[in-house]
file structure_5.txt (compact mmCIF, C-alpha atoms)
# COMPACT_ATOMS: atom_id res chain seq x y z
CA MET S 1 151.73 61.53 98.55
CA GLU S 2 151.45 60.20 102.08
CA THR S 3 148.63 59.42 104.48
CA SER S 4 148.83 59.06 108.21
CA LEU S 5 147.57 55.50 107.94
CA SER S 6 150.11 52.86 108.97
CA LEU S 7 149.01 49.27 109.47
CA SER S 8 150.82 45.97 109.44
CA SER S 9 150.14 44.05 106.25
CA THR S 10 148.48 40.68 106.02
CA ARG S 11 147.87 38.84 102.79
CA LEU S 12 144.70 39.30 100.80
CA PHE S 13 141.95 36.74 100.72
CA ARG S 14 141.79 35.46 97.16
CA PRO S 15 139.62 33.00 95.21
CA ALA S 16 140.67 29.38 95.17
CA GLY S 17 142.39 28.07 92.08
CA SER S 18 141.83 29.89 88.82
CA ARG S 19 138.10 30.56 89.12
CA PRO S 20 136.80 34.06 88.38
CA LEU S 21 136.40 36.67 91.10
CA ARG S 22 132.70 36.53 92.00
CA TRP S 23 131.06 39.94 92.37
CA GLY S 24 128.00 41.32 94.09
CA ILE S 25 126.60 44.86 93.70
CA ILE S 26 125.16 46.67 96.72
CA GLY S 27 122.56 49.05 95.34
CA THR S 28 120.98 49.70 91.96
CA ALA S 29 122.04 53.28 91.27
CA ARG S 30 122.43 54.38 87.66
CA ILE S 31 126.20 53.91 87.69
CA ALA S 32 125.69 50.27 88.73
CA THR S 33 124.43 49.49 85.23
CA LYS S 34 127.73 50.58 83.68
CA VAL S 35 129.81 48.61 86.19
CA ALA S 36 127.62 45.53 85.82
CA GLU S 37 128.32 45.52 82.08
CA ALA S 38 132.03 45.92 82.82
CA ILE S 39 132.03 42.92 85.16
CA HIS S 40 130.25 40.86 82.50
CA GLY S 41 132.87 41.94 79.96
CA ALA S 42 135.97 41.55 82.12
CA THR S 43 138.31 38.58 82.05
CA GLY S 44 138.46 36.81 85.39
CA ALA S 45 135.24 38.31 86.78
CA GLU S 46 131.72 37.00 87.28
CA LEU S 47 128.67 38.99 88.44
CA VAL S 48 126.58 36.69 90.65
CA ALA S 49 124.32 38.86 92.83
CA VAL S 50 122.74 42.26 93.40
CA ALA S 51 121.04 43.70 96.49
CA SER S 52 118.53 46.50 96.98
CA ARG S 53 116.51 47.56 100.00
CA ASP S 54 113.50 46.83 97.79
CA LYS S 55 113.30 43.08 97.04
CA LEU S 56 111.16 43.57 93.93
CA ARG S 57 113.49 46.23 92.56
CA ALA S 58 116.46 43.94 93.15
CA ALA S 59 114.75 41.10 91.28
CA GLU S 60 113.77 43.31 88.35
CA TRP S 61 117.27 44.80 88.13
CA ALA S 62 118.82 41.33 88.26
CA THR S 63 116.66 40.15 85.37
CA ALA S 64 117.44 43.24 83.30
CA HIS S 65 121.20 42.94 83.84
CA ARG S 66 121.70 39.15 83.68
CA VAL S 67 122.42 38.64 87.37
CA PRO S 68 121.42 35.19 88.69
CA VAL S 69 120.75 36.10 92.36
CA SER S 70 118.99 39.08 93.95
CA TYR S 71 118.56 40.08 97.59
CA GLY S 72 116.16 42.43 99.36
CA HIS S 73 118.75 43.59 101.89
CA TYR S 74 122.42 44.50 101.64
CA ASP S 75 123.37 42.26 104.59
CA GLU S 76 121.93 39.23 102.78
CA LEU S 77 124.36 39.79 99.93
CA LEU S 78 127.29 40.24 102.32
CA ASN S 79 126.40 36.95 104.03
CA ASP S 80 126.55 35.07 100.70
CA PRO S 81 129.66 32.83 100.87
CA ASP S 82 129.81 32.66 97.06
CA ILE S 83 130.72 36.36 96.73
CA ASP S 84 134.35 37.47 96.81
CA ALA S 85 134.04 41.20 96.05
CA VAL S 86 131.41 43.91 96.12
CA TYR S 87 130.86 47.11 94.21
CA ILE S 88 129.23 49.88 96.28
CA PRO S 89 127.39 52.57 94.25
CA LEU S 90 125.48 53.95 97.27
CA PRO S 91 125.37 57.66 98.22
CA PRO S 92 128.67 58.91 99.75
CA SER S 93 127.09 59.12 103.20
CA MET S 94 126.75 55.31 103.17
CA HIS S 95 130.20 54.40 101.82
CA CYS S 96 132.00 54.15 105.15
CA GLU S 97 129.39 51.99 106.88
CA TRP S 98 128.95 49.50 104.04
CA THR S 99 132.63 49.28 103.15
CA ILE S 100 133.42 48.36 106.74
CA ARG S 101 130.54 45.87 106.88
CA ALA S 102 131.75 44.29 103.64
CA ALA S 103 135.34 44.11 104.92
CA GLU S 104 134.17 42.40 108.10
CA LYS S 105 132.54 39.77 105.89
CA LYS S 106 135.84 39.32 104.02
CA LYS S 107 134.59 40.91 100.80
CA HIS S 108 136.96 42.98 98.67
CA VAL S 109 135.53 46.44 98.03
CA LEU S 110 135.30 48.63 94.93
CA CYS S 111 133.60 51.78 96.22
CA GLU S 112 132.18 54.54 94.05
CA LYS S 113 133.73 57.96 94.38
CA PRO S 114 133.94 60.13 96.40
CA LEU S 115 135.40 57.45 98.64
CA ALA S 116 133.85 58.87 101.81
CA MET S 117 132.44 61.99 103.43
CA THR S 118 135.85 62.90 104.88
CA ALA S 119 139.46 61.74 104.69
CA ALA S 120 139.13 60.45 108.26
CA GLU S 121 136.32 58.15 107.12
CA GLY S 122 138.47 57.03 104.20
CA GLU S 123 141.29 56.05 106.54
CA GLU S 124 138.80 54.15 108.71
CA MET S 125 137.59 52.26 105.64
CA TRP S 126 141.11 51.33 104.53
CA ALA S 127 142.04 50.29 108.07
CA ALA S 128 139.04 47.94 108.19
CA CYS S 129 139.98 46.44 104.84
CA ARG S 130 143.61 45.90 105.88
CA VAL S 131 142.66 44.27 109.16
CA ASN S 132 140.29 41.90 107.36
CA GLY S 133 142.61 41.05 104.47
CA VAL S 134 140.59 42.64 101.66
CA GLN S 135 141.45 45.20 98.97
CA LEU S 136 139.89 48.66 98.71
CA MET S 137 139.72 50.75 95.54
CA ASP S 138 137.63 53.75 94.52
CA GLY S 139 135.76 53.66 91.22
CA VAL S 140 137.71 56.25 89.20
CA MET S 141 137.71 54.50 85.86
CA TRP S 142 139.89 56.73 83.66
CA LEU S 143 143.00 55.97 85.70
CA HIS S 144 142.91 52.34 84.54
CA HIS S 145 142.89 52.89 80.77
CA PRO S 146 146.14 52.46 78.77
CA ARG S 147 145.75 56.06 77.55
CA THR S 148 146.40 57.24 81.11
CA ALA S 149 149.61 55.22 81.27
CA ALA S 150 150.67 56.68 77.91
CA MET S 151 150.07 60.23 79.17
CA LYS S 152 151.98 59.47 82.36
CA ALA S 153 154.92 58.23 80.29
CA ASN S 154 155.16 61.67 78.64
CA ILE S 155 155.34 63.25 82.08
CA ARG S 156 158.01 60.86 83.33
CA ASP S 157 160.24 61.05 80.27
CA GLY S 158 160.49 64.83 80.52
CA SER S 159 158.59 65.62 77.31
CA LEU S 160 156.70 68.42 79.05
CA GLY S 161 159.71 69.84 80.86
CA LYS S 162 158.78 71.16 84.30
CA ILE S 163 155.01 71.25 84.77
CA CYS S 164 154.03 74.80 85.70
CA LYS S 165 150.23 74.71 85.52
CA VAL S 166 147.53 72.04 85.73
CA THR S 167 144.11 73.19 84.57
CA SER S 168 140.94 71.13 84.33
CA GLY S 169 137.17 71.40 84.02
CA PHE S 170 134.30 68.97 84.49
CA SER S 171 130.69 70.07 84.23
CA PHE S 172 127.25 69.39 82.88
CA CYS S 173 124.14 71.54 82.87
CA TRP S 174 120.99 70.79 84.82
CA ASN S 175 118.23 73.25 83.94
CA PRO S 176 116.34 73.35 86.17
CA LEU S 177 118.30 71.86 89.06
CA PRO S 178 116.63 68.62 90.25
CA LEU S 179 116.40 69.52 93.92
CA GLU S 180 115.35 65.99 94.97
CA ASN S 181 118.33 64.33 93.26
CA ILE S 182 120.87 62.64 95.55
CA ARG S 183 123.59 64.96 94.24
CA MET S 184 121.58 67.90 95.59
CA GLN S 185 121.27 66.50 99.12
CA TYR S 186 123.85 67.79 101.60
CA ASP S 187 123.33 65.00 104.16
CA LEU S 188 123.93 62.34 101.49
CA GLY S 189 127.23 63.87 100.39
CA GLY S 190 125.94 65.80 97.39
CA GLY S 191 127.69 68.61 95.56
CA SER S 192 129.72 69.19 92.43
CA LEU S 193 133.06 69.17 94.29
CA GLY S 194 132.73 65.54 95.39
CA ASP S 195 130.90 64.40 92.27
CA LEU S 196 132.92 66.19 89.56
CA GLY S 197 135.74 68.09 91.25
CA TRP S 198 137.00 64.77 92.63
CA TYR S 199 138.28 64.00 89.12
CA CYS S 200 139.93 67.40 88.75
CA VAL S 201 141.72 67.13 92.10
CA GLY S 202 142.74 63.64 91.00
CA VAL S 203 144.29 64.95 87.78
CA ALA S 204 146.51 67.30 89.79
CA LEU S 205 147.59 64.57 92.22
CA TRP S 206 148.15 62.07 89.39
CA SER S 207 150.24 64.44 87.27
CA LEU S 208 152.29 66.09 90.04
CA ASN S 209 152.44 63.09 92.42
CA LYS S 210 152.13 65.23 95.53
CA GLN S 211 149.68 67.26 97.55
CA PRO S 212 149.33 71.02 97.34
CA VAL S 213 150.64 73.08 100.24
CA ARG S 214 147.57 75.36 100.34
CA VAL S 215 144.23 75.67 98.60
CA PHE S 216 141.44 78.15 98.02
CA GLY S 217 137.91 77.29 96.96
CA SER S 218 134.81 79.23 96.01
CA GLY S 219 131.36 77.75 95.51
CA ARG S 220 127.83 78.70 94.54
CA TYR S 221 125.36 76.96 96.84
CA VAL S 222 121.78 75.82 96.57
CA GLN S 223 120.22 74.17 99.67
CA ASN S 224 123.75 74.04 101.17
CA VAL S 225 125.12 72.03 98.21
CA ASP S 226 127.73 73.47 95.85
CA VAL S 227 126.30 73.50 92.34
CA HIS S 228 129.40 75.21 90.97
CA PHE S 229 132.93 75.19 92.38
CA ASN S 230 136.20 76.94 91.50
CA ALA S 231 139.53 75.97 93.02
CA LEU S 232 143.17 77.02 93.24
CA MET S 233 145.88 74.71 94.56
CA TRP S 234 149.44 75.89 95.17
CA TYR S 235 152.51 73.64 95.31
CA ASP S 236 155.90 74.07 96.96
CA ASP S 237 157.70 74.30 93.61
CA GLU S 238 155.64 77.26 92.33
CA CYS S 239 153.35 75.04 90.29
CA VAL S 240 149.66 75.98 90.42
CA ALA S 241 146.63 73.80 89.70
CA SER S 242 143.15 75.16 89.10
CA PHE S 243 139.79 73.77 88.10
CA ASP S 244 136.10 74.48 87.87
CA CYS S 245 133.24 72.04 88.08
CA GLY S 246 129.49 72.32 88.27
CA PHE S 247 125.96 71.28 87.52
CA ASP S 248 125.22 74.56 85.73
CA THR S 249 127.60 74.67 82.75
CA THR S 250 127.68 72.85 79.43
CA HIS S 251 129.29 69.40 79.29
CA ARG S 252 133.08 69.54 79.62
CA LYS S 253 135.65 66.99 80.85
CA TRP S 254 139.14 68.17 79.92
CA PHE S 255 142.56 68.94 81.35
CA GLU S 256 145.80 70.58 80.27
CA LEU S 257 149.26 70.05 81.75
CA ALA S 258 151.38 73.05 80.76
CA GLY S 259 155.13 72.60 81.04
CA THR S 260 158.21 74.57 80.12
CA GLU S 261 158.72 72.53 76.94
CA CYS S 262 155.28 71.29 75.93
CA SER S 263 151.65 71.03 76.98
CA LEU S 264 149.57 67.87 77.16
CA VAL S 265 145.84 68.21 76.45
CA CYS S 266 143.10 65.63 76.92
CA ASP S 267 139.58 66.84 76.18
CA ASP S 268 137.58 63.80 77.36
CA PHE S 269 139.64 62.25 80.14
CA VAL S 270 136.74 61.19 82.38
CA LYS S 271 135.13 59.14 79.62
CA PRO S 272 136.33 58.91 76.01
CA ARG S 273 133.83 60.16 73.46
CA SER S 274 134.55 57.25 71.12
CA LEU S 275 136.39 53.95 71.43
CA GLU S 276 137.87 54.62 68.00
CA LYS S 277 139.41 57.94 69.10
CA ILE S 278 140.78 57.55 72.63
CA ARG S 279 143.41 60.24 72.27
CA PHE S 280 145.43 63.11 73.67
CA TRP S 281 147.67 65.82 72.20
CA LEU S 282 151.13 67.26 72.80
CA HIS S 283 151.44 70.94 71.82
CA ARG S 284 154.98 72.25 71.31
CA GLY S 285 154.07 75.35 69.36
CA ASP S 286 151.50 76.78 66.99
CA ASP S 287 152.20 74.25 64.24
CA ASP S 288 153.77 71.39 66.23
CA VAL S 289 150.96 69.21 67.53
CA THR S 290 151.21 65.44 68.03
CA GLU S 291 148.10 63.32 68.47
CA THR S 292 148.41 59.96 70.22
CA VAL S 293 145.59 57.41 69.87
CA SER S 294 145.30 54.59 72.41
CA ALA S 295 143.87 51.09 72.23
CA PRO S 296 140.06 50.91 71.88
CA LEU S 297 139.48 49.41 75.32
CA VAL S 298 136.56 50.10 77.66
CA GLN S 299 137.92 51.85 80.75
CA GLU S 300 135.33 50.31 83.08
CA VAL S 301 136.45 46.83 82.00
CA CYS S 302 140.09 47.85 82.53
CA MET S 303 139.25 48.89 86.10
CA ILE S 304 137.50 45.62 86.93
CA GLU S 305 140.35 43.58 85.46
CA ASP S 306 142.94 45.60 87.41
CA PHE S 307 140.99 44.98 90.61
CA CYS S 308 140.71 41.25 89.92
CA GLN S 309 144.44 41.00 89.23
CA ILE S 310 145.25 42.66 92.56
CA VAL S 311 143.03 40.22 94.45
CA ARG S 312 144.45 37.20 92.63
CA SER S 313 147.99 38.37 93.44
CA GLY S 314 147.30 37.92 97.15
CA GLU S 315 149.21 41.14 97.92
CA PHE S 316 147.72 44.42 99.13
CA ASN S 317 147.92 47.33 96.71
CA ASP S 318 148.29 50.50 98.80
CA HIS S 319 148.38 52.81 95.76
CA TRP S 320 144.64 52.98 95.08
CA PRO S 321 143.34 53.61 98.61
CA ARG S 322 146.19 56.05 99.23
CA ILE S 323 145.39 58.28 96.26
CA ALA S 324 141.67 58.09 97.08
CA ILE S 325 142.30 59.26 100.64
CA GLU S 326 144.65 62.02 99.45
CA THR S 327 142.04 63.16 96.93
CA GLN S 328 139.48 63.24 99.74
CA ARG S 329 141.88 65.23 101.93
CA VAL S 330 142.26 67.94 99.29
CA CYS S 331 138.49 68.03 98.67
CA ASP S 332 137.92 68.41 102.42
CA ALA S 333 140.31 71.38 102.51
CA LEU S 334 138.70 73.00 99.47
CA ASP S 335 135.26 72.65 101.03
CA ARG S 336 136.48 74.25 104.27
CA SER S 337 138.05 77.06 102.28
CA ALA S 338 134.92 77.80 100.26
CA ARG S 339 132.66 77.79 103.31
CA SER S 340 135.03 79.99 105.34
CA GLY S 341 136.28 82.25 102.56
CA GLN S 342 139.85 81.59 103.70
CA VAL S 343 142.94 79.96 102.20
CA VAL S 344 143.54 76.57 103.87
CA ASP S 345 147.08 75.28 104.50
CA LEU S 346 147.80 71.59 103.96
CA ALA S 347 151.55 71.57 104.55
call {"tool": "encode", "arguments": {"input": "structure_5.txt", "output": "structure tokens"}}
result
Amino acid sequence: METSLSLSSTRLFRPAGSRPLRWGIIGTARIATKVAEAIHGATGAELVAVASRDKLRAAEWATAHRVPVSYGHYDELLNDPDIDAVYIPLPPSMHCEWTIRAAEKKKHVLCEKPLAMTAAEGEEMWAACRVNGVQLMDGVMWLHHPRTAAMKANIRDGSLGKICKVTSGFSFCWNPLPLENIRMQYDLGGGSLGDLGWYCVGVALWSLNKQPVRVFGSGRYVQNVDVHFNALMWYDDECVASFDCGFDTTHRKWFELAGTECSLVCDDFVKPRSLEKIRFWLHRGDDDVTETVSAPLVQEVCMIEDFCQIVRSGEFNDHWPRIAIETQRVCDALDRSARSGQVVDLA
């Protein structure tokens, strides 16, 4: 997978000595609670500050989540010299602006997905981070768990044979739809494609390690936001990937990689149902099924520790921003396809 972004590399800013990477959180969205706990639980990380546009809300959130410092404006947090990295759980429409502002203040950035409103914005964000010597990563947690590496090993060693079909689904059911929710606001970057389909596109890119050559999407829209989305993605080797996602179907978060020799199935890839059963299956026939159980690690903690290790290395990691931008590029094409009713070529 390639992007058009090409910048000369400088070294990353990194914390002095062996002290932990000091984190700030910009915003108090629901997902911030989960990431705050991960920072508290990660080796080599320390959560030191949170910011909200409401000073009282920031203070209350800080007390509830064991954060020593709170700010009533995002810029105040970015101006804090004791912060090395920020997590941005703001609406997608704000990701580009605040990632660039953070980069200009020499803060490493973990940005919630979708990375941006468009792939062009994503490239602008990564360019700003490279110029300022800071790392960028999107907050897709499942990719950092050892189970994901174990599944990838089965792809690389040929256990599946040639992958012919990638199928995935991610949904939950809102009834009724909360029309005031951020995910239902077009101008804020709402919609099931960016919120849920992002993971399904990511599964295809992760498993096949390349972009599709053309895509077709179909959505059901409420106030110009897709509340359900279906997608087809064709590859140059006759492989096909498909997925559905939505806010109107029972809770599902699964994928299957079907190869000529075997299929790999994971039925809770976005978030394991239980730390005791973080698993996947290989199906070779009706009676030949192998279950693999991975280490009982919290994927959010794995993500934070991976990020901290990159920063401490002092070397840019192009992998994470590249796959985020490529995921965004495919989502952009699928959105254009659904709104136009036409197949969109990516090759």
call {"tool": "closest_residue", "arguments": {"input": "structure_5.txt", "among": "S:Val227, S:Met303, S:Ile163, S:Ile323", "to": "S:Leu179", "atoms": "only C-alpha atoms"}}
result
S:Val227
call {"tool": "residues_around", "arguments": {"input": "structure_5.txt", "residues": "stretch 287-302 of chain S", "least_positions_apart": "3", "cutoff": "7 Å", "atoms": "all atoms listed in the file", "output": "ChimeraX atom specification"}}
result
/S:35,38-39,41-42,141-142,144-147,275-284,305-306
call {"tool": "atom_distance", "arguments": {"input": "structure_5.txt", "atom1": "atom CA of S:Ala150", "atom2": "atom CA of S:Thr260"}}
result
19.5 Å
call {"tool": "residues_near_point", "arguments": {"input": "structure_5.txt", "point": "(134.6, 67.5, 90.7)", "cutoff": "10 Å", "atoms": "only C-alpha atoms", "output": "list of chain:residue names"}}
result
S:Pro114, S:Ser168, S:Gly169, S:Phe170, S:Ser171, S:Gly191, S:Ser192, S:Leu193, S:Gly194, S:Asp195, S:Leu196, S:Gly197, S:Trp198, S:Tyr199, S:Cys200, S:Val201, S:Gly202, S:His228, S:Phe229, S:Asn230, S:Phe243, S:Asp244, S:Cys245, S:Gly246, S:Phe247, S:Lys253, S:Cys331
call {"tool": "residues_around", "arguments": {"input": "structure_5.txt", "residues": "S:Ile155", "least_positions_apart": "2", "cutoff": "12 Å", "atoms": "all atoms listed in the file", "output": "CSV table (one decimal) with C-alpha atoms, keeping the file's coordinate frame"}}
result
chain,number,residue,atom,x,y,z
S,148,THR,CA,146.4,57.2,81.1
S,149,ALA,CA,149.6,55.2,81.3
S,150,ALA,CA,150.7,56.7,77.9
S,151,MET,CA,150.1,60.2,79.2
S,152,LYS,CA,152.0,59.5,82.4
S,153,ALA,CA,154.9,58.2,80.3
S,157,ASP,CA,160.2,61.0,80.3
S,158,GLY,CA,160.5,64.8,80.5
S,159,SER,CA,158.6,65.6,77.3
S,160,LEU,CA,156.7,68.4,79.0
S,161,GLY,CA,159.7,69.8,80.9
S,162,LYS,CA,158.8,71.2,84.3
S,163,ILE,CA,155.0,71.2,84.8
S,206,TRP,CA,148.2,62.1,89.4
S,207,SER,CA,150.2,64.4,87.3
S,208,LEU,CA,152.3,66.1,90.0
S,209,ASN,CA,152.4,63.1,92.4
S,257,LEU,CA,149.3,70.0,81.8
S,258,ALA,CA,151.4,73.0,80.8
S,259,GLY,CA,155.1,72.6,81.0
S,260,THR,CA,158.2,74.6,80.1
S,261,GLU,CA,158.7,72.5,76.9
S,262,CYS,CA,155.3,71.3,75.9
S,263,SER,CA,151.6,71.0,77.0
S,264,LEU,CA,149.6,67.9,77.2
S,282,LEU,CA,151.1,67.3,72.8
call {"tool": "residues_near_point", "arguments": {"input": "structure_5.txt", "point": "(131.0, 43.3, 107.8)", "cutoff": "10 Å", "atoms": "all atoms listed in the file", "output": "list in words"}}
result
Asp75, Leu78, Asn79, Glu97, Trp98, Thr99, Ile100, Arg101, Ala102, Ala103, Glu104, Lys105, Lys106, Lys107, Ala128, Cys129 and Asn132 of chain S
call {"tool": "atom_distance", "arguments": {"input": "structure_5.txt", "atom1": "atom CA of S:Leu56", "atom2": "atom CA of S:Gly27"}}
result
12.7 Å
call {"tool": "atom_distance", "arguments": {"input": "structure_5.txt", "atom1": "atom CA of S:Arg57", "atom2": "atom CA of S:Asp187"}}
result
24.2 Å
call {"tool": "closest_residue", "arguments": {"input": "structure_5.txt", "among": "S:Arg214, S:Ala116, S:Glu76, S:Gly24", "to": "S:Glu238", "atoms": "all atoms listed in the file"}}
result
S:Arg214
call {"tool": "closest_residue", "arguments": {"input": "structure_5.txt", "among": "S:Ala32, S:Met233, S:Val50, S:Val240", "to": "S:Ala347", "atoms": "all atoms listed in the file"}}
result
S:Met233
call {"tool": "closest_residue", "arguments": {"input": "structure_5.txt", "among": "S:Val213, S:Cys173, S:Ile182, S:Leu188", "to": "S:Ala241", "atoms": "only C-alpha atoms"}}
result
S:Val213
call {"tool": "closest_residue", "arguments": {"input": "structure_5.txt", "among": "S:Asp345, S:Leu177, S:Thr167, S:Thr33", "to": "S:Asp267", "atoms": "only C-alpha atoms"}}
result
S:Thr167
call {"tool": "residues_around", "arguments": {"input": "structure_5.txt", "residues": "S:Asp318", "least_positions_apart": "4", "cutoff": "10 Å", "atoms": "only C-alpha atoms", "output": "PyMOL selection string"}}
result
chain S and resi 126+130+135-137+322-323
call {"tool": "closest_residue", "arguments": {"input": "structure_5.txt", "among": "S:Leu110, S:Ala119, S:Met125, S:Val311", "to": "S:Cys96", "atoms": "only C-alpha atoms"}}
result
S:Met125
call {"tool": "residues_around", "arguments": {"input": "structure_5.txt", "residues": "S:Ser18", "least_positions_apart": "6", "cutoff": "12 Å", "atoms": "only C-alpha atoms", "output": "PDB file with C-alpha atoms, in the coordinates of the input"}}
result
ATOM      1  CA  THR S  43     138.310  38.580  82.050  1.00  0.00           C
ATOM      2  CA  GLY S  44     138.460  36.810  85.390  1.00  0.00           C
ATOM      3  CA  ALA S  45     135.240  38.310  86.780  1.00  0.00           C
ATOM      4  CA  CYS S 308     140.710  41.250  89.920  1.00  0.00           C
ATOM      5  CA  GLN S 309     144.440  41.000  89.230  1.00  0.00           C
ATOM      6  CA  VAL S 311     143.030  40.220  94.450  1.00  0.00           C
ATOM      7  CA  ARG S 312     144.450  37.200  92.630  1.00  0.00           C
ATOM      8  CA  SER S 313     147.990  38.370  93.440  1.00  0.00           C
TER       9      SER S 313
END
